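Asker: Next comes entry_14.txt, compact mmCIF, C-alpha atoms:
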```
# COMPACT_ATOMS: atom_id res chain seq x y z
CA MET A 1 0.00 0.00 0.00
CA ASN A 2 2.85 2.40 0.86
CA ALA A 3 4.59 1.56 -2.42
CA PHE A 4 1.38 2.28 -4.35
CA LEU A 5 1.02 5.64 -2.56
CA SER A 6 4.64 6.55 -3.33
CA VAL A 7 4.28 5.76 -7.02
CA SER A 8 0.95 7.62 -7.19
CA LEU A 9 2.44 10.79 -5.67
CA LEU A 10 5.41 10.68 -8.05
CA LEU A 11 3.09 10.03 -10.99
CA LEU A 12 0.88 13.00 -10.07
CA SER A 13 3.75 15.44 -9.50
CA ILE A 14 5.65 14.49 -12.65
CA SER A 15 2.56 14.53 -14.89
CA LEU A 16 1.59 17.96 -13.53
CA ALA A 17 5.09 19.40 -14.01
CA ILE A 18 5.40 17.97 -17.55
CA PHE A 19 1.92 19.22 -18.48
CA VAL A 20 2.79 22.77 -17.40
CA LEU A 21 6.18 22.69 -19.15
CA GLN A 22 4.67 21.51 -22.42
CA VAL A 23 1.76 23.96 -22.36
CA ARG A 24 4.02 26.92 -21.55
CA ASP A 25 6.69 26.08 -24.17
CA GLN A 26 4.28 25.17 -26.96
CA LEU A 27 1.98 28.11 -26.25
CA ASN A 28 4.93 30.49 -26.37
CA GLU A 29 6.04 28.91 -29.66
CA HIS A 30 2.53 29.23 -31.14
CA LEU A 31 2.28 32.88 -30.17
CA GLU A 32 5.73 33.74 -31.52
CA ASN A 33 5.13 31.96 -34.85
CA ASN A 34 1.87 33.84 -35.41
CA CYS A 35 3.29 37.24 -34.43
CA LYS A 36 6.76 36.92 -35.98
CA PRO A 37 5.85 38.19 -39.50
CA PHE A 38 4.89 41.65 -38.22
CA ASP A 39 6.54 44.32 -36.07
CA MET A 40 3.48 46.48 -35.37
CA VAL A 41 -0.31 46.40 -35.42
CA VAL A 42 -2.19 49.66 -35.92
CA GLY A 43 -5.86 49.81 -35.00
CA ALA A 44 -8.47 51.70 -33.06
CA LYS A 45 -7.74 53.09 -29.61
CA GLY A 46 -8.17 50.63 -26.76
CA SER A 47 -6.18 47.81 -25.20
CA PRO A 48 -2.93 47.12 -27.11
CA LEU A 49 -3.01 43.48 -26.00
CA GLN A 50 -6.58 43.13 -27.27
CA LEU A 51 -5.50 44.66 -30.58
CA VAL A 52 -2.71 42.07 -31.00
CA LEU A 53 -4.89 39.16 -29.90
CA SER A 54 -7.68 40.12 -32.28
CA SER A 55 -5.59 41.10 -35.32
CA LEU A 56 -2.85 38.47 -35.27
CA LEU A 57 -4.11 35.60 -33.11
CA HIS A 58 -7.86 36.04 -33.78
CA ILE A 59 -8.89 35.07 -30.25
CA ASP A 60 -10.51 38.34 -29.16
CA ASN A 61 -12.86 41.02 -30.45
CA PRO A 62 -11.35 44.00 -32.31
CA THR A 63 -11.01 47.36 -30.63
CA GLY A 64 -12.92 48.99 -33.51
CA ASN A 65 -12.28 50.19 -37.05
CA ILE A 66 -9.87 52.77 -38.45
CA SER A 67 -9.85 54.86 -41.61
CA LEU A 68 -8.02 53.15 -44.46
CA GLU A 69 -6.94 56.53 -45.81
CA GLU A 70 -5.40 57.54 -42.49
CA ALA A 71 -3.70 54.16 -42.04
CA LEU A 72 -2.13 54.30 -45.51
CA LYS A 73 -0.37 57.57 -44.58
CA ILE A 74 1.90 55.54 -42.28
CA GLY A 75 3.37 53.87 -45.36
CA LYS A 76 4.91 57.17 -46.47
CA ASN A 77 7.51 56.81 -43.72
CA PRO A 78 10.75 55.42 -45.26
CA MET A 79 11.23 53.08 -42.27
CA VAL A 80 8.11 51.13 -43.27
CA LYS A 81 8.95 48.08 -45.38
CA GLU A 82 5.51 46.57 -45.86
CA MET A 83 1.90 47.15 -44.80
CA ILE A 84 -0.97 44.67 -45.00
CA PRO A 85 -4.54 45.81 -44.22
CA VAL A 86 -6.95 43.34 -42.59
CA SER A 87 -10.68 43.63 -42.05
CA TYR A 88 -13.19 41.24 -40.55
CA GLY A 89 -16.54 41.13 -38.81
CA ASP A 90 -18.25 38.03 -40.21
CA ASN A 91 -17.90 34.29 -39.75
CA TYR A 92 -19.02 30.96 -41.14
CA LYS A 93 -19.79 28.34 -38.49
CA GLY A 94 -17.53 30.17 -36.04
CA ASN A 95 -14.60 30.50 -38.48
CA ARG A 96 -13.57 34.11 -39.09
CA ILE A 97 -13.72 35.51 -42.61
CA LEU A 98 -10.67 37.74 -43.07
CA GLY A 99 -10.40 40.33 -45.80
CA THR A 100 -6.80 41.09 -46.74
CA SER A 101 -4.27 40.94 -49.57
CA ASN A 102 -2.44 37.90 -50.92
CA GLU A 103 0.75 39.16 -49.24
CA TYR A 104 -0.82 38.07 -45.95
CA LEU A 105 -0.64 34.44 -47.10
CA THR A 106 2.95 34.90 -48.22
CA LYS A 107 3.95 36.14 -44.77
CA TYR A 108 2.88 32.83 -43.25
CA ASN A 109 4.33 30.73 -46.10
CA ALA A 110 0.84 29.50 -46.97
CA VAL A 111 0.57 27.60 -50.27
CA LEU A 112 -2.37 26.02 -52.02
CA GLN A 113 -3.19 22.36 -51.57
CA GLU A 114 -5.80 22.49 -54.31
CA GLY A 115 -7.68 25.06 -56.36
CA GLU A 116 -6.52 28.65 -56.85
CA LEU A 117 -6.37 31.93 -54.97
CA HIS A 118 -9.36 34.25 -54.97
CA LYS A 119 -9.32 36.69 -57.89
CA LYS A 120 -12.48 38.70 -57.32
CA SER A 121 -14.94 39.65 -54.61
CA PHE A 122 -16.82 36.89 -52.78
CA GLU A 123 -14.24 34.26 -53.64
CA VAL A 124 -12.38 32.69 -50.73
CA VAL A 125 -9.56 30.29 -49.89
CA LEU A 126 -9.94 28.10 -46.83
CA GLY A 127 -7.40 27.35 -44.15
CA ASN A 128 -6.74 23.61 -43.92
CA ALA A 129 -8.44 23.19 -40.54
CA VAL A 130 -11.50 25.13 -41.73
CA ALA A 131 -11.84 22.90 -44.79
CA LYS A 132 -11.76 19.76 -42.62
CA LYS A 133 -14.15 21.21 -40.05
CA THR A 134 -16.77 22.52 -42.50
CA ASN A 135 -16.33 19.85 -45.24
CA LEU A 136 -16.42 22.61 -47.87
CA LEU A 137 -14.98 21.72 -51.29
CA ILE A 138 -13.77 23.70 -54.31
CA GLY A 139 -16.78 25.35 -55.95
CA ASP A 140 -19.02 25.17 -52.87
CA THR A 141 -20.86 28.30 -51.78
CA PHE A 142 -21.87 29.49 -48.33
CA ALA A 143 -23.47 32.51 -46.67
CA SER A 144 -21.57 34.37 -43.97
CA ALA A 145 -23.08 35.34 -40.62
CA HIS A 146 -22.63 38.74 -39.01
CA GLY A 147 -20.31 38.87 -36.01
CA LEU A 148 -17.40 36.69 -34.90
CA ALA A 149 -19.40 34.07 -33.00
CA GLU A 150 -21.35 31.32 -34.73
CA ASN A 151 -25.00 32.29 -35.24
CA GLU A 152 -27.79 31.88 -37.78
CA LEU A 153 -29.78 34.97 -36.84
CA GLU A 154 -28.18 37.48 -39.22
CA THR A 155 -26.79 35.84 -42.36
CA HIS A 156 -25.92 37.48 -45.68
CA ASP A 157 -27.80 35.04 -47.91
CA GLU A 158 -28.01 37.51 -50.78
CA GLN A 159 -24.20 37.60 -51.19
CA PRO A 160 -22.77 34.07 -50.86
CA PHE A 161 -19.06 33.28 -50.94
CA THR A 162 -17.52 30.73 -53.33
CA VAL A 163 -14.61 28.47 -52.38
CA THR A 164 -11.80 28.67 -54.95
CA GLY A 165 -8.91 27.12 -53.02
CA ILE A 166 -7.81 25.18 -49.96
CA LEU A 167 -4.46 25.82 -48.29
CA LYS A 168 -1.92 23.28 -47.04
CA PRO A 169 -1.46 23.06 -43.25
CA THR A 170 0.88 25.78 -41.94
CA GLY A 171 0.72 25.26 -38.18
CA THR A 172 -0.31 28.92 -37.81
CA ILE A 173 -3.56 30.84 -37.41
CA ILE A 174 -4.00 30.74 -41.21
CA ASP A 175 -5.26 27.16 -40.86
CA HIS A 176 -8.33 28.43 -38.99
CA LEU A 177 -9.28 31.37 -41.23
CA ILE A 178 -11.33 31.94 -44.35
CA ILE A 179 -9.37 34.38 -46.55
CA THR A 180 -10.88 36.76 -49.09
CA ASN A 181 -10.12 40.27 -50.39
CA LEU A 182 -10.96 43.52 -48.62
CA GLU A 183 -13.62 44.43 -51.17
CA SER A 184 -15.68 41.39 -50.15
CA ILE A 185 -15.83 42.56 -46.53
CA TRP A 186 -16.80 46.07 -47.57
CA GLU A 187 -19.41 45.02 -50.11
CA VAL A 188 -21.15 42.48 -47.89
CA HIS A 189 -21.92 45.27 -45.39
CA GLU A 190 -22.95 47.94 -47.91
CA HIS A 191 -26.59 48.87 -48.31
CA LYS A 192 -28.33 47.95 -51.52
CA ASP A 193 -29.54 51.49 -52.10
CA THR A 194 -28.56 53.06 -55.40
CA HIS A 195 -25.72 55.58 -55.09
CA ASP A 196 -24.75 58.29 -57.53
CA HIS A 197 -21.15 58.76 -58.63
CA HIS A 198 -20.47 61.47 -56.04
CA GLU A 199 -21.74 59.29 -53.19
CA GLU A 200 -19.58 56.37 -54.38
CA GLU A 201 -16.47 58.59 -54.29
CA GLU A 202 -17.32 59.74 -50.76
CA GLU A 203 -17.87 56.16 -49.68
CA GLU A 204 -14.49 55.20 -51.17
CA GLU A 205 -12.81 57.86 -49.06
CA LEU A 206 -14.58 56.60 -45.93
CA ARG A 207 -13.42 52.99 -46.33
CA GLU A 208 -12.49 51.41 -43.00
CA ILE A 209 -10.38 48.45 -41.98
CA THR A 210 -9.98 46.63 -38.68
CA SER A 211 -6.21 47.03 -38.47
CA MET A 212 -3.00 47.49 -40.41
CA LEU A 213 -0.16 44.97 -40.03
CA ILE A 214 3.26 46.57 -40.52
CA LYS A 215 6.79 45.29 -41.09
CA PHE A 216 9.69 47.75 -40.63
CA ARG A 217 13.13 47.84 -42.18
CA ASN A 218 14.70 47.79 -38.71
CA PRO A 219 13.40 47.35 -35.12
CA LEU A 220 14.12 50.99 -34.26
CA GLY A 221 11.44 52.08 -36.72
CA ALA A 222 8.74 50.24 -34.77
CA LEU A 223 9.64 52.03 -31.53
CA GLN A 224 9.74 55.47 -33.10
CA MET A 225 6.57 55.06 -35.13
CA SER A 226 4.55 53.54 -32.27
CA ARG A 227 5.21 56.61 -30.12
CA PHE A 228 4.22 58.97 -32.93
CA ILE A 229 1.00 57.05 -33.80
CA ASN A 230 -0.14 56.81 -30.20
CA GLU A 231 0.47 60.48 -29.45
CA LYS A 232 -0.28 62.26 -32.74
CA THR A 233 -3.09 60.27 -34.40
CA THR A 234 -6.53 58.92 -33.57
CA MET A 235 -5.16 55.38 -33.99
CA GLN A 236 -3.28 53.04 -31.68
CA ALA A 237 -0.03 51.19 -32.34
CA ALA A 238 0.80 47.93 -30.55
CA LEU A 239 4.06 45.97 -30.71
CA PRO A 240 3.24 42.23 -30.91
CA LYS A 241 6.55 41.06 -29.42
CA PHE A 242 6.16 43.28 -26.38
CA GLU A 243 2.48 42.42 -25.85
CA ILE A 244 3.09 38.67 -26.13
CA GLU A 245 5.95 38.89 -23.62
CA ARG A 246 3.62 40.78 -21.29
CA LEU A 247 0.92 38.14 -21.74
CA MET A 248 3.39 35.32 -20.99
CA ARG A 249 4.48 37.16 -17.83
CA PHE A 250 0.87 37.23 -16.66
CA LEU A 251 0.42 33.55 -17.49
CA GLY A 252 3.81 32.79 -15.94
CA ILE A 253 2.42 33.52 -12.48
CA GLY A 254 -0.07 30.71 -12.89
CA PHE A 255 2.52 28.40 -14.43
CA ARG A 256 4.92 29.01 -11.54
CA THR A 257 2.16 28.37 -9.01
CA ILE A 258 1.28 25.02 -10.60
CA ASN A 259 4.97 24.12 -10.83
CA GLY A 260 5.34 24.93 -7.13
CA ILE A 261 2.45 22.60 -6.33
CA ALA A 262 4.04 19.89 -8.47
CA MET A 263 7.38 20.27 -6.67
CA ALA A 264 5.62 20.08 -3.28
CA ILE A 265 3.89 16.86 -4.34
CA LEU A 266 7.24 15.55 -5.61
CA LEU A 267 8.86 16.18 -2.22
CA VAL A 268 5.94 14.46 -0.48
CA GLY A 269 6.43 11.57 -2.90
CA GLY A 270 10.11 11.43 -1.97
CA LEU A 271 9.16 11.43 1.73
CA SER A 272 6.70 8.62 1.05
CA ILE A 273 9.44 6.57 -0.64
CA PHE A 274 11.70 7.24 2.36
CA ILE A 275 9.03 6.01 4.81
CA ASN A 276 8.30 3.01 2.60
CA LEU A 277 12.01 2.08 2.48
CA ILE A 278 12.39 2.38 6.27
CA LYS A 279 9.43 0.06 6.67
CA THR A 280 10.89 -2.34 4.08
CA VAL A 281 14.28 -2.44 5.82
CA LYS A 282 12.60 -3.04 9.18
CA GLU A 283 10.36 -5.83 7.87
CA ARG A 284 13.21 -7.56 5.98
CA LYS A 285 15.86 -7.16 8.64
CA GLN A 286 16.11 -10.94 9.15
CA GLU A 287 16.47 -11.55 5.39
CA LEU A 288 19.17 -8.88 5.13
CA ALA A 289 21.00 -10.36 8.14
CA LEU A 290 20.88 -13.78 6.50
CA LEU A 291 22.42 -12.31 3.35
CA ARG A 292 25.26 -10.96 5.51
CA THR A 293 26.00 -14.50 6.71
CA TYR A 294 26.35 -15.58 3.06
CA GLY A 295 29.06 -12.97 2.51
CA ALA A 296 27.11 -9.87 1.40
CA ASN A 297 28.58 -6.64 2.75
CA THR A 298 26.71 -3.58 3.97
CA PHE A 299 27.07 -1.69 0.67
CA GLN A 300 25.55 -4.59 -1.24
CA LEU A 301 22.55 -4.50 1.08
CA ILE A 302 22.23 -0.74 0.55
CA LYS A 303 22.38 -1.43 -3.19
CA LEU A 304 19.35 -3.73 -2.90
CA VAL A 305 17.40 -1.02 -1.07
CA PHE A 306 18.42 1.57 -3.64
CA LEU A 307 17.37 -0.68 -6.56
CA GLU A 308 13.93 -1.08 -5.03
CA ALA A 309 13.63 2.69 -4.60
CA LEU A 310 14.92 3.25 -8.15
CA PHE A 311 12.30 0.87 -9.52
CA LEU A 312 9.51 2.77 -7.73
CA SER A 313 10.79 6.16 -8.89
CA LEU A 314 11.27 5.09 -12.54
CA LEU A 315 7.82 3.48 -12.56
CA GLY A 316 6.31 6.72 -11.24
CA ALA A 317 8.36 8.81 -13.71
CA VAL A 318 7.39 6.77 -16.79
CA LEU A 319 3.71 6.60 -15.85
CA GLY A 320 3.79 10.31 -14.96
CA TRP A 321 5.29 11.19 -18.35
CA PHE A 322 2.58 9.27 -20.19
CA LEU A 323 -0.15 10.80 -18.02
CA GLY A 324 1.28 14.26 -18.74
CA ARG A 325 1.22 13.57 -22.47
CA ILE A 326 -2.33 12.20 -22.32
CA SER A 327 -3.36 15.38 -20.45
CA ILE A 328 -1.76 17.45 -23.23
CA TRP A 329 -3.78 15.50 -25.80
CA PHE A 330 -7.07 16.16 -23.98
CA PHE A 331 -6.17 19.83 -23.43
CA SER A 332 -5.22 20.16 -27.11
CA SER A 333 -8.61 18.86 -28.26
CA ILE A 334 -10.27 21.63 -26.24
CA THR A 335 -7.98 24.50 -27.32
CA ASN A 336 -8.02 23.36 -30.94
CA ASN A 337 -11.81 23.65 -31.10
CA ILE A 338 -12.03 26.97 -29.24
CA TYR A 339 -8.86 28.88 -30.16
CA GLY A 340 -7.36 26.89 -33.04
CA TYR A 341 -4.23 25.94 -31.11
CA PHE A 342 -2.95 22.39 -31.30
CA PHE A 343 -0.48 21.02 -28.75
CA ALA A 344 1.79 18.30 -30.14
CA PHE A 345 2.68 14.97 -28.50
CA ASN A 346 6.46 15.60 -28.35
CA PHE A 347 9.36 13.43 -27.24
CA PRO A 348 10.98 14.23 -23.87
CA ASN A 349 12.98 17.47 -23.91
CA ASN A 350 15.91 18.64 -21.76
CA LYS A 351 13.66 20.12 -19.06
CA GLU A 352 11.83 16.84 -18.65
CA LEU A 353 15.12 14.94 -18.43
CA ILE A 354 16.15 17.32 -15.64
CA ILE A 355 12.95 16.38 -13.79
CA LEU A 356 13.88 12.68 -14.18
CA VAL A 357 17.38 13.33 -12.81
CA LEU A 358 15.84 15.25 -9.88
CA VAL A 359 13.53 12.30 -9.13
CA ILE A 360 16.49 9.89 -9.16
CA LEU A 361 18.50 12.15 -6.84
CA ILE A 362 15.58 12.37 -4.40
CA THR A 363 15.27 8.59 -4.57
CA LEU A 364 19.00 8.15 -3.93
CA LEU A 365 18.83 10.45 -0.91
CA ALA A 366 15.77 8.61 0.46
CA ALA A 367 17.51 5.24 -0.04
CA ILE A 368 20.69 6.38 1.74
CA LEU A 369 18.77 7.80 4.72
CA ALA A 370 16.58 4.71 4.97
CA SER A 371 19.65 2.42 4.83
CA LEU A 372 21.62 4.04 7.66
CA SER A 373 20.31 1.42 10.11
CA LEU A 374 22.04 -1.28 8.06
CA PHE A 375 25.44 0.00 9.24
CA LYS A 376 24.38 -0.90 12.81
CA LEU A 377 22.84 -4.26 11.90
CA ASN A 378 23.67 -6.91 14.56
CA VAL A 379 23.61 -10.09 12.47
CA SER A 380 23.77 -12.66 15.29
CA LYS A 381 21.11 -10.93 17.44
CA THR A 382 18.79 -10.41 14.46
CA ILE A 383 19.00 -14.07 13.39
CA SER A 384 18.54 -15.36 16.96
CA ASP A 385 15.46 -13.14 17.38
CA ALA A 386 13.91 -14.43 14.16
```
Go ahead and express the file in the form of structure tokens.
Answerer:
Amino acid sequence: MNAFLSVSLLLLSISLAIFVLQVRDQLNEHLENNCKPFDMVVGAKGSPLQLVLSSLLHIDNPTGNISLEEALKIGKNPMVKEMIPVSYGDNYKGNRILGTSNEYLTKYNAVLQEGELHKKSFEVVLGNAVAKKTNLLIGDTFASAHGLAENELETHDEQPFTVTGILKPTGTIIDHLIITNLESIWEVHEHKDTHDHHEEEEEEELREITSMLIKFRNPLGALQMSRFINEKTTMQAALPKFEIERLMRFLGIGFRTINGIAMAILLVGGLSIFINLIKTVKERKQELALLRTYGANTFQLIKLVFLEALFLSLLGAVLGWFLGRISIWFFSSITNNIYGYFFAFNFPNNKELIILVLVILITLLAAILASLSLFKLNVSKTISDA
């Protein structure tokens, strides 16, 4: 019973520690891969973190819209290398429909699996995960729904979209988006009323986008321009790298707390092994004394105790590793459906090997402390008392 408790505590602590390590490392990698192509996001005033989450990671609502004309003025600065406008506000079965340029796909190294890129309004290419989730094929049509959450209350049935292409998996947010051009987003929300030429020109000048994604020629440009935009314009500039680091610091508090709990359980597990070994040595004292009469020395007896402890610790470590990976798999199925983030079933990394070494060291210490009584073992008295 004590051995079972010891293994269970080790299993729980190791699985918890490995789960946290994998979630933290893979989440950080996901966030960096999705934000890496751009140095700055320009959007409406509000929370800079919300602006990054909504424009690059697509896991939050936008802060509002900005004037396309005003946003394009930023491109006149020689430090700006590239600007990509994005606009959204509709979805299909919970998958966001993003209006942007083809350069957006290039930034994420997205290539076609089948079909072709959209060439005119109301043509779309599907991210790989969207295609699998919706079962849409080349040539299929669908009506978008207003808003970013799945609903059937306000659909644009009069202006359906046509699927022209499906992208290969990229491992980025692209996999979970429906991509079209900006004109599609604008036109789907325009009123059907007849406009004269003058009104059309005014409407063209009032075009709005959700945000502008910017790449600079050097990092210094992002710092200088963000200060200018935030202070001198009606727009807001957010630096993805800075905001993601800030987000990971917030999440890091929770990760460190869970890791602390895991380490506490690990120490309790080590204590349990120590108590179990003391009990084992006490119960098998006669057997150990008999081994001494056959020529075994004290260090050989300690070796037997250590091997038993090592077996318990390795059993707990292996089972804990598998439990941690199974937990990752369950967690991934949830995050993949809600946020479009998939957590991989990876091989052990260096951090996990360090945990294994720590477990072995704790086991070694417990075995040594539990075996101290063997140095004082009175063979003749123990055998006579048996």
Asker: Report the distance between atom CA of A:Leu372 and atom CA of A:Ile278 in Å, rounded to one decimal place.
Answerer: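 Rounded to one decimal, the two atoms are 9.5 Å apart.
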Asker: Identify the residues around (13.1, -0.7, 0.4) within a radius of 6 Å, measuring from all atoms listed in the file in the coordinates stated by the file, and give them as number ranges by chain.
Answerer: A: 277, 280-281, 305, 308
Asker: What's around stretch 139-141 of chain A at 6 Å? Count all atoms listed in the file, leave out sequence neighbours fewer than 5 positions away in its own chain, and write the answer as a list in words.
Answerer: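 My list of contacting residues is Phe161, Thr162 and Val163 of chain A.
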Asker: Can you report as AutoDock Vina command-line options the centre and edge lengths in Å, to one decimal, of an axis-aligned box around the listed atoms of stretch 15-24 of chain A padded with 5 Å on each side?
Answerer:
```
--center_x 3.9 --center_y 20.7 --center_z -18.0 --size_x 14.6 --size_y 22.4 --size_z 18.9
```
Asker: Of the candidates A:Thr234, A:Asn95, A:Asn297, A:Asn77, which shows the shortest atom-to-atom distance to A:Ala131, using only C-alpha atoms?
Answerer: A:Asn95
Asker: Please identify every residue of stretch 198-248 of chain A that has at least one atom no farther than 12 Å from an atom of stretch 101-119 of chain A, counting all atoms listed in the file, and for each give the shortest atom pair and the distance in Å to one decimal, arranged by chain then increasing number, as CSV.
Answerer:
```
residue,atom,partner,partner_atom,distance
A:Met212,CA,A:Tyr104,CA,11.1
A:Leu213,CA,A:Tyr104,CA,9.1
A:Ile214,CA,A:Tyr104,CA,10.9
A:Lys215,CA,A:Lys107,CA,10.3
```
Asker: Just give me the gap between atom CA of A:Ile275 and atom CA of A:Thr257 in Å, one decimal is fine.
Answerer: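 Distance between the two atoms: 27.2 Å.
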Asker: For a quick check of understanding, using all atoms listed in the file, which of A:Thr172, A:Asn259, A:Gln300, A:Ser272 has the smallest distance to A:Ile18?
Answerer: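 Of A:Thr172, A:Asn259, A:Gln300, A:Ser272, the one nearest A:Ile18, counting all atoms listed in the file, is A:Asn259.
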